[in-house]
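A.B. asks: Have a peek at input35.cif (mmCIF, C-alpha atoms (C1' of nucleotides)).
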data_start
loop_
_atom_site.label_atom_id
_atom_site.label_comp_id
_atom_site.auth_asym_id
_atom_site.auth_seq_id
_atom_site.Cartn_x
_atom_site.Cartn_y
_atom_site.Cartn_z
CA MET A 47 89.16 90.98 133.48
CA LYS A 48 87.40 92.69 130.59
CA ARG A 49 84.92 95.41 131.34
CA ASN A 50 82.02 96.77 129.33
CA THR A 51 82.10 100.50 129.00
CA TRP A 52 79.81 102.81 127.09
CA GLN A 53 82.89 103.98 125.17
CA ARG A 54 83.55 100.59 123.61
CA GLU A 55 79.90 100.24 122.79
CA ALA A 56 79.86 103.69 121.18
CA VAL A 57 82.81 102.75 118.97
CA ARG A 58 81.16 99.50 117.97
CA THR A 59 77.95 101.32 117.08
CA ALA A 60 79.67 104.11 115.18
CA LEU A 61 81.70 101.58 113.25
CA SER A 62 78.60 99.63 112.26
CA ALA A 63 76.95 102.84 111.13
CA SER A 64 79.78 103.61 108.70
CA GLU A 65 79.42 102.50 105.11
CA GLY A 66 82.98 101.61 104.20
CA PHE A 67 86.32 101.65 105.93
CA VAL A 68 87.01 104.50 108.37
CA SER A 69 90.08 105.74 110.15
CA ALA A 70 90.30 106.03 113.91
CA GLN A 71 90.48 109.79 113.65
CA ALA A 72 87.42 110.00 111.39
CA LEU A 73 85.47 107.81 113.77
CA HIS A 74 86.56 109.94 116.70
CA SER A 75 85.43 113.10 114.93
CA ALA A 76 82.10 111.53 114.09
CA LEU A 77 81.58 110.54 117.71
CA ARG A 78 82.54 113.98 119.00
CA ASP A 79 80.25 115.61 116.43
CA GLY A 80 77.48 113.37 117.72
CA GLY A 81 77.95 114.84 121.18
CA SER A 82 80.15 112.16 122.68
CA SER A 83 83.05 113.10 124.91
CA ILE A 84 85.05 110.01 124.08
CA GLY A 85 88.82 110.38 123.89
CA LEU A 86 90.95 109.71 120.83
CA ALA A 87 93.17 107.19 122.58
CA THR A 88 90.12 105.23 123.61
CA VAL A 89 88.91 105.04 120.03
CA TYR A 90 92.30 103.68 118.98
CA ARG A 91 92.21 101.13 121.78
CA ALA A 92 88.64 100.04 121.06
CA LEU A 93 89.32 99.65 117.35
CA SER A 94 92.39 97.51 117.80
CA ASP A 95 90.50 95.39 120.32
CA LEU A 96 87.63 94.91 117.89
CA ALA A 97 90.10 93.95 115.18
CA THR A 98 91.80 91.46 117.48
CA GLU A 99 88.51 89.89 118.50
CA GLY A 100 87.46 89.51 114.89
CA GLU A 101 84.59 91.97 115.03
CA ALA A 102 86.31 94.38 112.67
CA ASP A 103 88.61 94.10 109.72
CA ALA A 104 91.55 96.42 109.33
CA LEU A 105 93.68 97.43 106.42
CA GLN A 106 96.41 99.96 105.73
CA GLN A 107 95.84 102.78 103.32
CA GLU A 108 98.25 105.63 102.68
CA GLY A 109 100.02 105.03 105.93
CA GLU A 110 96.96 104.88 108.13
CA SER A 111 94.88 102.03 109.48
CA ILE A 112 91.25 101.95 108.47
CA TYR A 113 88.58 99.75 110.00
CA ARG A 114 85.23 98.29 109.16
CA ALA A 115 82.63 96.27 111.03
CA CYS A 116 82.58 92.84 109.49
CA THR A 117 80.54 89.68 109.74
CA PRO A 118 82.40 87.92 112.54
CA GLY A 119 83.76 84.42 112.27
CA SER A 120 83.81 84.35 108.51
CA HIS A 121 87.03 84.60 106.61
CA HIS A 122 86.52 86.93 103.69
CA HIS A 123 88.17 89.61 101.63
CA HIS A 124 87.08 92.99 100.30
CA LEU A 125 86.20 94.70 97.09
CA ILE A 126 86.64 98.39 97.78
CA CYS A 127 85.76 101.46 95.74
CA ARG A 128 88.85 103.60 95.76
CA ASN A 129 86.75 106.73 95.33
CA CYS A 130 83.80 106.47 97.71
CA GLY A 131 84.96 103.64 99.93
CA LEU A 132 81.96 101.41 99.25
CA THR A 133 82.98 97.95 100.37
CA ILE A 134 81.69 94.54 99.44
CA GLU A 135 82.70 91.41 101.28
CA ILE A 136 83.79 88.64 99.00
CA GLU A 137 84.60 85.03 99.65
CA ALA A 138 86.90 83.01 97.51
CA ASP A 139 87.67 79.46 98.44
CA ALA A 140 89.72 79.16 95.27
CA VAL A 141 92.07 81.88 96.48
CA GLU A 142 92.31 80.36 99.94
CA GLN A 143 93.30 77.05 98.41
CA TRP A 144 95.76 78.69 96.05
CA ALA A 145 97.46 80.50 98.94
CA LYS A 146 97.80 77.30 100.93
CA THR A 147 99.12 75.39 97.95
CA VAL A 148 101.64 77.98 96.89
CA ALA A 149 102.96 78.24 100.44
CA ALA A 150 103.26 74.47 100.80
CA GLU A 151 105.03 74.14 97.45
CA HIS A 152 107.81 76.34 98.75
CA GLY A 153 108.04 74.73 102.16
CA PHE A 154 106.26 77.54 103.98
CA ILE A 155 104.03 76.72 106.93
CA SER A 156 101.16 78.49 108.73
CA PRO A 157 100.33 80.77 105.84
CA ASN A 158 98.46 84.03 106.18
CA HIS A 159 97.40 86.10 103.28
CA VAL A 160 96.40 89.60 102.35
CA VAL A 161 93.97 89.79 99.46
CA ASP A 162 92.07 92.93 98.58
CA VAL A 163 90.64 94.22 95.35
CA PHE A 164 90.30 97.93 94.66
CA GLY A 165 88.41 99.55 91.83
CA LEU A 166 85.80 102.12 90.95
CA CYS A 167 82.24 101.15 91.77
CA ALA A 168 79.48 101.54 89.17
CA GLN A 169 78.23 104.83 90.64
CA CYS A 170 81.64 106.44 90.85
CA SER A 171 82.73 105.32 87.41
CA ALA A 172 79.56 106.84 85.96
CA ARG A 173 79.93 110.08 87.90
CA LEU A 174 83.62 110.68 87.32
CA PRO A 175 85.31 111.72 84.08
CA SER A 176 87.27 108.80 82.70
CA SER A 177 90.64 108.76 84.37
CA MET B 297 115.31 116.12 82.90
CA LYS B 298 116.33 113.09 84.91
CA ARG B 299 119.92 112.83 86.08
CA ASN B 300 122.02 109.89 87.10
CA THR B 301 123.65 110.33 90.47
CA TRP B 302 125.82 107.97 92.43
CA GLN B 303 123.23 108.19 95.20
CA ARG B 304 120.46 106.65 93.11
CA GLU B 305 122.84 103.98 91.89
CA ALA B 306 123.91 103.24 95.46
CA VAL B 307 120.30 102.76 96.50
CA ARG B 308 119.62 100.50 93.54
CA THR B 309 122.69 98.41 94.38
CA ALA B 310 121.96 98.20 98.09
CA LEU B 311 118.39 97.19 97.33
CA SER B 312 119.50 94.41 95.02
CA ALA B 313 121.93 93.19 97.67
CA SER B 314 119.13 92.76 100.19
CA GLU B 315 117.50 89.37 100.51
CA GLY B 316 113.94 90.32 101.29
CA PHE B 317 111.98 93.50 101.78
CA VAL B 318 113.73 96.40 103.51
CA SER B 319 112.55 99.69 104.90
CA ALA B 320 113.97 103.00 103.75
CA GLN B 321 115.49 103.55 107.16
CA ALA B 322 117.14 100.13 107.22
CA LEU B 323 118.58 100.71 103.76
CA HIS B 324 119.84 104.10 104.83
CA SER B 325 121.56 102.61 107.86
CA ALA B 326 123.12 99.90 105.74
CA LEU B 327 124.47 102.47 103.31
CA ARG B 328 125.82 104.68 106.08
CA ASP B 329 127.42 101.65 107.74
CA GLY B 330 129.03 100.89 104.40
CA GLY B 331 130.72 104.29 104.46
CA SER B 332 128.29 106.20 102.28
CA SER B 333 127.30 109.73 103.19
CA ILE B 334 123.92 109.51 101.50
CA GLY B 335 121.06 111.36 103.15
CA LEU B 336 117.89 109.79 104.44
CA ALA B 337 115.61 111.96 102.32
CA THR B 338 117.49 110.87 99.23
CA VAL B 339 116.95 107.22 100.07
CA TYR B 340 113.24 107.88 100.43
CA ARG B 341 113.19 109.72 97.11
CA ALA B 342 115.18 107.04 95.29
CA LEU B 343 113.03 104.23 96.61
CA SER B 344 109.77 105.81 95.62
CA ASP B 345 111.21 106.55 92.18
CA LEU B 346 112.29 102.95 91.78
CA ALA B 347 108.85 101.78 92.84
CA THR B 348 107.19 104.15 90.36
CA GLU B 349 109.43 103.01 87.53
CA GLY B 350 108.66 99.37 88.27
CA GLU B 351 112.16 98.44 89.36
CA ALA B 352 111.07 97.79 92.90
CA ASP B 353 107.97 96.48 94.60
CA ALA B 354 106.64 98.09 97.71
CA LEU B 355 104.33 96.93 100.42
CA GLN B 356 103.12 98.20 103.77
CA GLN B 357 104.00 96.41 106.95
CA GLU B 358 103.22 97.63 110.45
CA GLY B 359 102.77 101.16 109.25
CA GLU B 360 105.96 101.44 107.24
CA SER B 361 106.75 100.94 103.57
CA ILE B 362 109.19 98.21 102.70
CA TYR B 363 110.82 97.73 99.32
CA ARG B 364 112.44 95.02 97.28
CA ALA B 365 114.21 94.87 93.93
CA CYS B 366 111.97 92.92 91.61
CA THR B 367 112.08 91.52 88.11
CA PRO B 368 110.84 94.51 86.16
CA GLY B 369 107.91 94.37 83.77
CA SER B 370 106.37 91.27 85.24
CA HIS B 371 103.26 91.39 87.33
CA HIS B 372 103.74 89.10 90.28
CA HIS B 373 103.03 88.66 93.95
CA HIS B 374 105.08 87.60 96.95
CA LEU B 375 105.46 84.75 99.35
CA ILE B 376 107.21 86.21 102.36
CA CYS B 377 108.70 84.58 105.44
CA ARG B 378 107.39 86.53 108.36
CA ASN B 379 110.43 85.66 110.41
CA CYS B 380 113.49 86.11 108.20
CA GLY B 381 111.94 88.09 105.35
CA LEU B 382 112.92 85.60 102.66
CA THR B 383 110.80 86.45 99.65
CA ILE B 384 109.75 84.39 96.68
CA GLU B 385 108.07 85.91 93.66
CA ILE B 386 104.98 84.05 92.61
CA GLU B 387 102.76 84.40 89.59
CA ALA B 388 99.15 83.43 89.60
CA ASP B 389 97.09 83.98 86.51
CA ALA B 390 94.18 82.31 88.23
CA VAL B 391 94.17 84.99 90.91
CA GLU B 392 94.48 87.78 88.37
CA GLN B 393 91.46 86.40 86.54
CA TRP B 394 89.53 85.94 89.73
CA ALA B 395 90.17 89.56 90.76
CA LYS B 396 88.99 90.85 87.40
CA THR B 397 85.90 88.66 87.43
CA VAL B 398 84.88 89.49 90.96
CA ALA B 399 85.24 93.21 90.26
CA ALA B 400 83.24 93.01 87.05
CA GLU B 401 80.46 91.02 88.73
CA HIS B 402 79.88 93.91 91.11
CA GLY B 403 80.12 96.63 88.48
CA PHE B 404 83.60 97.76 89.49
CA ILE B 405 86.01 98.98 86.83
CA SER B 406 89.80 99.35 86.55
CA PRO B 407 90.56 96.88 89.30
CA ASN B 408 93.80 96.78 91.23
CA HIS B 409 94.62 94.17 93.74
CA VAL B 410 96.85 93.49 96.67
CA VAL B 411 97.77 89.84 97.08
CA ASP B 412 100.54 88.68 99.38
CA VAL B 413 101.10 85.45 101.23
CA PHE B 414 103.00 85.34 104.51
CA GLY B 415 104.26 82.29 106.32
CA LEU B 416 107.27 80.66 107.91
CA CYS B 417 109.85 79.37 105.47
CA ALA B 418 111.27 75.87 105.81
CA GLN B 419 114.44 77.04 107.56
CA CYS B 420 112.67 79.24 110.07
CA SER B 421 109.99 76.68 110.86
CA ALA B 422 112.71 74.12 111.56
CA ARG B 423 114.75 76.51 113.69
CA LEU B 424 111.96 77.96 115.76
CA PRO B 425 109.98 76.28 118.52
CA SER B 426 106.48 75.59 117.31
CA SER B 427 104.37 78.67 117.83
"C1'" DA C 36 78.41 100.22 150.00
"C1'" DT C 37 83.36 99.00 149.46
"C1'" DC C 38 87.41 97.83 147.28
"C1'" DC C 39 90.37 96.37 143.57
"C1'" DT C 40 91.81 97.35 139.29
"C1'" DA C 41 90.66 97.82 134.28
"C1'" DT C 42 89.67 101.69 131.62
"C1'" DT C 43 89.59 106.35 130.44
"C1'" DG C 44 91.35 110.81 128.55
"C1'" DA C 45 94.52 114.85 128.16
"C1'" DT C 46 98.73 115.33 126.67
"C1'" DA C 47 103.52 114.18 125.92
"C1'" DA C 48 106.32 111.33 123.27
"C1'" DC C 49 107.52 108.71 119.26
"C1'" DG C 50 108.47 107.49 114.53
"C1'" DA C 51 107.85 107.23 109.56
"C1'" DG C 52 107.77 110.11 105.97
"C1'" DT C 53 107.68 114.83 103.66
"C1'" DC C 54 109.02 119.65 102.95
"C1'" DT C 55 112.29 123.55 102.80
"C1'" DC C 56 115.98 125.70 101.05
"C1'" DA C 57 120.72 126.69 100.57
"C1'" DT C 58 124.35 124.08 98.34
"C1'" DT C 59 126.18 120.79 95.01
"C1'" DA C 60 126.93 118.59 90.76
"C1'" DT C 61 124.97 116.54 86.27
"C1'" DG C 62 124.89 116.89 81.47
"C1'" DG C 63 123.85 119.50 77.44
"C1'" DT C 64 125.87 123.57 75.07
"C1'" DT C 65 129.40 126.38 73.27
"C1'" DA D 251 137.49 122.49 78.58
"C1'" DA D 252 134.80 126.07 80.58
"C1'" DC D 253 129.89 127.46 81.22
"C1'" DC D 254 125.43 127.37 82.79
"C1'" DA D 255 120.55 126.15 83.75
"C1'" DT D 256 118.55 123.41 86.83
"C1'" DA D 257 117.83 118.66 88.81
"C1'" DA D 258 119.28 116.52 92.84
"C1'" DT D 259 121.12 116.45 97.41
"C1'" DG D 260 121.15 116.66 102.57
"C1'" DA D 261 120.41 118.58 107.30
"C1'" DG D 262 117.01 119.55 109.86
"C1'" DA D 263 112.35 121.37 110.69
"C1'" DC D 264 107.88 119.82 110.34
"C1'" DT D 265 103.49 116.89 109.76
"C1'" DC D 266 100.61 113.53 111.26
"C1'" DG D 267 99.16 108.84 112.70
"C1'" DT D 268 99.75 106.21 116.60
"C1'" DT D 269 101.36 104.82 121.27
"C1'" DA D 270 102.88 105.65 126.12
"C1'" DT D 271 102.18 108.00 130.56
"C1'" DC D 272 99.70 108.61 134.58
"C1'" DA D 273 96.37 110.60 137.56
"C1'" DA D 274 91.41 110.28 137.80
"C1'" DT D 275 87.29 107.51 137.03
"C1'" DA D 276 84.11 103.86 137.08
"C1'" DG D 277 82.98 98.48 136.30
"C1'" DG D 278 81.67 94.68 138.92
"C1'" DA D 279 82.59 91.06 142.28
"C1'" DT D 280 82.07 90.67 147.20
#
Show how you would write the structure in this file as structure tokens.

C.D. replies:
Amino acid sequence: MKRNTWQREAVRTALSASEGFVSAQALHSALRDGGSSIGLATVYRALSDLATEGEADALQQEGESIYRACTPGSHHHHLICRNCGLTIEIEADAVEQWAKTVAAEHGFISPNHVVDVFGLCAQCSARLPSS
Amino acid sequence: MKRNTWQREAVRTALSASEGFVSAQALHSALRDGGSSIGLATVYRALSDLATEGEADALQQEGESIYRACTPGSHHHHLICRNCGLTIEIEADAVEQWAKTVAAEHGFISPNHVVDVFGLCAQCSARLPSS
DNA sequence: ATCCTATTGATAACGAGTCTCATTATGGTT
DNA sequence: AACCATAATGAGACTCGTTATCAATAGGAT
């Protein structure tokens, strides 16, 4: 039976307070800096629970998992600034359909898909020298 | 100056011989099993070189990088069987356009994107009990 | 208030990948 | 063909994200 602990709630809150995607370690540091005594393992556990329950989205970057609080129940993808991490949720029925179609055409069933777009947001592209 | 060694060639060959995506460790084991004395670090180096030069595609799965020999010079995505690893290269101009458009609409520049479709291939879906 | 047990947290363990550095061998030069 | 500067190799140490262990703690149903 699932229990409600202040630790899980703290992770949920801290995640919501973050702008873009954050790593478990970063979130743990933030919580500790805020005076919490939460353990690192607990942060990992809470984050993977949230991801499983659909309250957070996860993606892999440079070998680590990063998480973000997301509007639950809606299937969407992300447009992510690769400099500052600013993230915008995007929906794209066309892409969903395309994925289904392409899978079916090759005899694949129960398709999943990973779709993410990275770029430099307006602010960062203005602030940075052209790369 | 870049040198040609039998080790790099061995990695290239072993990669081409693999059906789907393989991890560096798996490729290293395969080479060792085949009698090669190649070192693990060298396999890692060769694979990341191949990926940089566009001779191989890489993607992240469960926290590890997996690689596959790919038709060089062509931008494409993958349809991957999540059971047997069978991989089909797919092209999708519509998705490329969509990614560019969606980025531009939000003021993002120099967009990248990650697009992969996973599913069960015909063989595996026939062989496995329905999940 | 009591009990059962899910959850916590400190730390050990694990695993993918990188770094170090002495040794090897490639490929241009003579 | 012999030489040499140096790129590449490989064994193992190391880093670092993540998971497992396990005794202690604290939900929550009764």

A.B. asks: Counting only C-alpha atoms (C1' of nucleotides), which of A:Thr98, A:Gln53, A:Ser82, A:Ser64 gets nearest to chain D?

C.D. replies: A:Gln53

A.B. asks: Stretch 65-93 of chain A near stretch 262-272 of chain D within 9 Å: what's each residue's closest atom pair and its distance in Å to one decimal, counting only C-alpha atoms (C1' of nucleotides), ordered by chain then ascending residue number, as CSV?

C.D. replies:
residue,atom,partner,partner_atom,distance
A:Gln71,CA,D:DG267,C1',8.8
A:Ala87,CA,D:DT269,C1',8.6
A:Tyr90,CA,D:DT268,C1',8.2

A.B. asks: Using only C-alpha atoms (C1' of nucleotides), determine which residues lie at most 7 Å from stretch 118-128 of chain A, disregarding the query and same-chain residues fewer than 4 positions distant; provide the list as an MDAnalysis selection string.

C.D. replies: chainID A and resid 100:101 132:137 161:167

A.B. asks: Please enumerate the residues selected by the PyMOL selection byres ((chain C) within 12 of (chain A)) when evaluated against the supplied file, formatted as a list in words.

C.D. replies: DC39, DT40, DA41, DT42, DT43, DG44, DA45, DT46, DA51 and DG52 of chain C

A.B. asks: Please, which residues of chain D lie no more than 12 Å from chain B when the count uses all atoms listed in the file, and can they be set out as an mmCIF file with C-alpha atoms (C1' of nucleotides), in the coordinates of the input?

C.D. replies:
data_model
loop_
_atom_site.group_PDB
_atom_site.id
_atom_site.type_symbol
_atom_site.label_atom_id
_atom_site.label_comp_id
_atom_site.auth_asym_id
_atom_site.auth_seq_id
_atom_site.Cartn_x
_atom_site.Cartn_y
_atom_site.Cartn_z
ATOM 1 C "C1'" DA D 255 120.550 126.150 83.750
ATOM 2 C "C1'" DT D 256 118.550 123.410 86.830
ATOM 3 C "C1'" DA D 257 117.830 118.660 88.810
ATOM 4 C "C1'" DA D 258 119.280 116.520 92.840
ATOM 5 C "C1'" DT D 259 121.120 116.450 97.410
ATOM 6 C "C1'" DG D 260 121.150 116.660 102.570
ATOM 7 C "C1'" DA D 261 120.410 118.580 107.300
ATOM 8 C "C1'" DG D 262 117.010 119.550 109.860
ATOM 9 C "C1'" DG D 267 99.160 108.840 112.700
ATOM 10 C "C1'" DT D 268 99.750 106.210 116.600
#

A.B. asks: I'm after chain B in the frame of chain A: fit it by least squares over all Cα atoms matched in order, and give me the output as a CSV table (one decimal) with C-alpha atoms, in the frame of the given file.

C.D. replies:
chain,number,residue,atom,x,y,z
B,297,MET,CA,88.7,91.2,133.7
B,298,LYS,CA,87.1,92.8,130.7
B,299,ARG,CA,84.5,95.6,131.4
B,300,ASN,CA,81.7,97.0,129.3
B,301,THR,CA,81.9,100.7,128.9
B,302,TRP,CA,79.7,103.0,127.0
B,303,GLN,CA,82.8,104.1,125.1
B,304,ARG,CA,83.4,100.7,123.6
B,305,GLU,CA,79.8,100.4,122.7
B,306,ALA,CA,79.8,103.8,121.1
B,307,VAL,CA,82.8,102.8,118.9
B,308,ARG,CA,81.1,99.6,117.9
B,309,THR,CA,77.9,101.5,117.0
B,310,ALA,CA,79.7,104.2,115.1
B,311,LEU,CA,81.7,101.6,113.2
B,312,SER,CA,78.6,99.7,112.2
B,313,ALA,CA,77.0,103.0,111.0
B,314,SER,CA,79.9,103.6,108.6
B,315,GLU,CA,79.5,102.5,105.1
B,316,GLY,CA,83.1,101.5,104.2
B,317,PHE,CA,86.4,101.5,106.0
B,318,VAL,CA,87.1,104.4,108.4
B,319,SER,CA,90.2,105.6,110.2
B,320,ALA,CA,90.4,105.9,113.9
B,321,GLN,CA,90.7,109.6,113.6
B,322,ALA,CA,87.7,109.9,111.3
B,323,LEU,CA,85.6,107.8,113.7
B,324,HIS,CA,86.8,109.9,116.6
B,325,SER,CA,85.7,113.1,114.8
B,326,ALA,CA,82.4,111.6,113.9
B,327,LEU,CA,81.8,110.6,117.6
B,328,ARG,CA,82.8,114.1,118.8
B,329,ASP,CA,80.6,115.7,116.2
B,330,GLY,CA,77.8,113.6,117.5
B,331,GLY,CA,78.2,115.1,121.0
B,332,SER,CA,80.3,112.3,122.5
B,333,SER,CA,83.2,113.2,124.8
B,334,ILE,CA,85.1,110.1,124.0
B,335,GLY,CA,88.9,110.4,123.8
B,336,LEU,CA,91.1,109.6,120.8
B,337,ALA,CA,93.2,107.1,122.6
B,338,THR,CA,90.1,105.2,123.6
B,339,VAL,CA,88.9,105.0,120.0
B,340,TYR,CA,92.3,103.6,119.1
B,341,ARG,CA,92.1,101.0,121.9
B,342,ALA,CA,88.5,100.0,121.1
B,343,LEU,CA,89.2,99.6,117.4
B,344,SER,CA,92.3,97.4,117.9
B,345,ASP,CA,90.3,95.3,120.4
B,346,LEU,CA,87.5,94.9,118.0
B,347,ALA,CA,89.9,93.8,115.3
B,348,THR,CA,91.6,91.3,117.6
B,349,GLU,CA,88.2,89.8,118.6
B,350,GLY,CA,87.2,89.5,115.0
B,351,GLU,CA,84.4,92.0,115.1
B,352,ALA,CA,86.2,94.3,112.7
B,353,ASP,CA,88.5,94.0,109.8
B,354,ALA,CA,91.5,96.2,109.4
B,355,LEU,CA,93.7,97.2,106.5
B,356,GLN,CA,96.4,99.6,105.8
B,357,GLN,CA,96.0,102.5,103.4
B,358,GLU,CA,98.4,105.3,102.8
B,359,GLY,CA,100.2,104.6,106.1
B,360,GLU,CA,97.1,104.6,108.3
B,361,SER,CA,94.9,101.8,109.6
B,362,ILE,CA,91.3,101.8,108.5
B,363,TYR,CA,88.6,99.6,110.1
B,364,ARG,CA,85.2,98.2,109.2
B,365,ALA,CA,82.6,96.2,111.0
B,366,CYS,CA,82.5,92.8,109.5
B,367,THR,CA,80.5,89.6,109.7
B,368,PRO,CA,82.3,87.9,112.5
B,369,GLY,CA,83.7,84.4,112.3
B,370,SER,CA,83.8,84.3,108.5
B,371,HIS,CA,87.0,84.6,106.6
B,372,HIS,CA,86.5,86.9,103.7
B,373,HIS,CA,88.2,89.6,101.6
B,374,HIS,CA,87.1,93.0,100.3
B,375,LEU,CA,86.2,94.7,97.1
B,376,ILE,CA,86.6,98.4,97.8
B,377,CYS,CA,85.7,101.4,95.8
B,378,ARG,CA,88.8,103.6,95.8
B,379,ASN,CA,86.7,106.7,95.4
B,380,CYS,CA,83.7,106.4,97.8
B,381,GLY,CA,84.9,103.6,100.0
B,382,LEU,CA,81.9,101.4,99.3
B,383,THR,CA,83.0,97.9,100.4
B,384,ILE,CA,81.7,94.5,99.5
B,385,GLU,CA,82.7,91.4,101.3
B,386,ILE,CA,83.8,88.6,99.0
B,387,GLU,CA,84.6,85.0,99.7
B,388,ALA,CA,87.0,83.0,97.5
B,389,ASP,CA,87.8,79.5,98.4
B,390,ALA,CA,89.8,79.2,95.3
B,391,VAL,CA,92.1,81.9,96.5
B,392,GLU,CA,92.4,80.4,99.9
B,393,GLN,CA,93.4,77.1,98.3
B,394,TRP,CA,95.8,78.8,96.0
B,395,ALA,CA,97.6,80.6,98.9
B,396,LYS,CA,98.0,77.4,100.8
B,397,THR,CA,99.3,75.5,97.8
B,398,VAL,CA,101.7,78.1,96.8
B,399,ALA,CA,103.1,78.4,100.3
B,400,ALA,CA,103.4,74.6,100.6
B,401,GLU,CA,105.2,74.3,97.3
B,402,HIS,CA,108.0,76.6,98.6
B,403,GLY,CA,108.2,74.9,102.0
B,404,PHE,CA,106.4,77.7,103.8
B,405,ILE,CA,104.2,76.9,106.8
B,406,SER,CA,101.4,78.6,108.6
B,407,PRO,CA,100.5,80.9,105.7
B,408,ASN,CA,98.6,84.1,106.1
B,409,HIS,CA,97.5,86.2,103.2
B,410,VAL,CA,96.4,89.7,102.3
B,411,VAL,CA,94.0,89.8,99.5
B,412,ASP,CA,92.0,93.0,98.6
B,413,VAL,CA,90.6,94.2,95.4
B,414,PHE,CA,90.2,97.9,94.7
B,415,GLY,CA,88.3,99.6,91.9
B,416,LEU,CA,85.7,102.1,91.0
B,417,CYS,CA,82.1,101.1,91.9
B,418,ALA,CA,79.4,101.5,89.3
B,419,GLN,CA,78.1,104.8,90.8
B,420,CYS,CA,81.5,106.4,91.0
B,421,SER,CA,82.6,105.3,87.5
B,422,ALA,CA,79.4,106.8,86.1
B,423,ARG,CA,79.7,110.0,88.0
B,424,LEU,CA,83.4,110.7,87.4
B,425,PRO,CA,85.1,111.7,84.2
B,426,SER,CA,87.0,108.8,82.8
B,427,SER,CA,90.4,108.8,84.4

A.B. asks: What does the structure give for the distance between atom CA of A:Ser94 and atom C1' of C:DT53, in Å to one decimal?

C.D. replies: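 These two atoms are separated by 27.1 Å.
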
A.B. asks: Quote the spacing between atom CA of A:Glu55 and atom CA of A:Phe67 in Å to one decimal place.

C.D. replies: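 Interatomic distance, atom CA of A:Glu55 to atom CA of A:Phe67: 18.1 Å.
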
A.B. asks: Record the distance separating atom CA of A:Glu65 and atom CA of A:Ala92, expressed in Å with one decimal.

C.D. replies: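 Atom-to-atom, atom CA of A:Glu65 to atom CA of A:Ala92, that is 18.6 Å.
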
A.B. asks: Go through A:Thr59, A:Gln143, A:Ser75, A:Thr117 and flag the residue nearest A:Asp103, using only C-alpha atoms for the distances.

C.D. replies: A:Thr117

A.B. asks: Taking only C-alpha atoms into account, name the residue in A:Lys146, A:His159, A:Arg58, A:His74 that is nearest to chain B.

C.D. replies: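 Closest to chain B, using only C-alpha atoms: A:His159.
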
A.B. asks: Give me the result of the PyMOL selection byres ((chain A and resi 111) around 9) on this file, residue by residue, as a PyMOL selection string.

C.D. replies: (chain A and resi 68-70+104-110+112-113) or (chain B and resi 359) or (chain D and resi 267)

A.B. asks: Can you pull stretch 38-65 of chain C out of that block with C-alpha atoms (C1' of nucleotides) and hand it back as a PDB file, in the first residue's frame?

C.D. replies:
ATOM      1  C1'  DC C  38       1.081  -3.201  15.130  1.00  0.00           C
ATOM      2  C1'  DC C  39       2.366  -4.209  10.446  1.00  0.00           C
ATOM      3  C1'  DT C  40       5.029  -2.901   6.909  1.00  0.00           C
ATOM      4  C1'  DA C  41       6.167   0.670   3.351  1.00  0.00           C
ATOM      5  C1'  DT C  42       9.543   4.082   3.277  1.00  0.00           C
ATOM      6  C1'  DT C  43      13.646   6.279   4.491  1.00  0.00           C
ATOM      7  C1'  DG C  44      18.695   7.292   4.440  1.00  0.00           C
ATOM      8  C1'  DA C  45      23.719   6.296   4.974  1.00  0.00           C
ATOM      9  C1'  DT C  46      26.637   3.832   2.620  1.00  0.00           C
ATOM     10  C1'  DA C  47      28.319  -0.009  -0.070  1.00  0.00           C
ATOM     11  C1'  DA C  48      28.103  -1.879  -4.480  1.00  0.00           C
ATOM     12  C1'  DC C  49      27.626  -1.716  -9.392  1.00  0.00           C
ATOM     13  C1'  DG C  50      28.354  -0.519 -14.163  1.00  0.00           C
ATOM     14  C1'  DA C  51      29.147   2.366 -18.190  1.00  0.00           C
ATOM     15  C1'  DG C  52      32.421   5.175 -19.789  1.00  0.00           C
ATOM     16  C1'  DT C  53      36.856   7.968 -19.480  1.00  0.00           C
ATOM     17  C1'  DC C  54      41.680   8.853 -18.251  1.00  0.00           C
ATOM     18  C1'  DT C  55      46.574   7.609 -17.616  1.00  0.00           C
ATOM     19  C1'  DC C  56      50.670   6.243 -19.247  1.00  0.00           C
ATOM     20  C1'  DA C  57      54.013   3.019 -20.702  1.00  0.00           C
ATOM     21  C1'  DT C  58      54.298   0.355 -24.915  1.00  0.00           C
ATOM     22  C1'  DT C  59      53.413  -0.549 -29.783  1.00  0.00           C
ATOM     23  C1'  DA C  60      53.109   0.234 -34.550  1.00  0.00           C
ATOM     24  C1'  DT C  61      51.627   3.362 -38.580  1.00  0.00           C
ATOM     25  C1'  DG C  62      53.146   5.940 -42.355  1.00  0.00           C
ATOM     26  C1'  DG C  63      55.832   9.647 -44.139  1.00  0.00           C
ATOM     27  C1'  DT C  64      60.819  10.564 -44.844  1.00  0.00           C
ATOM     28  C1'  DT C  65      65.389   9.573 -46.163  1.00  0.00           C
TER      29       DT C  65
END
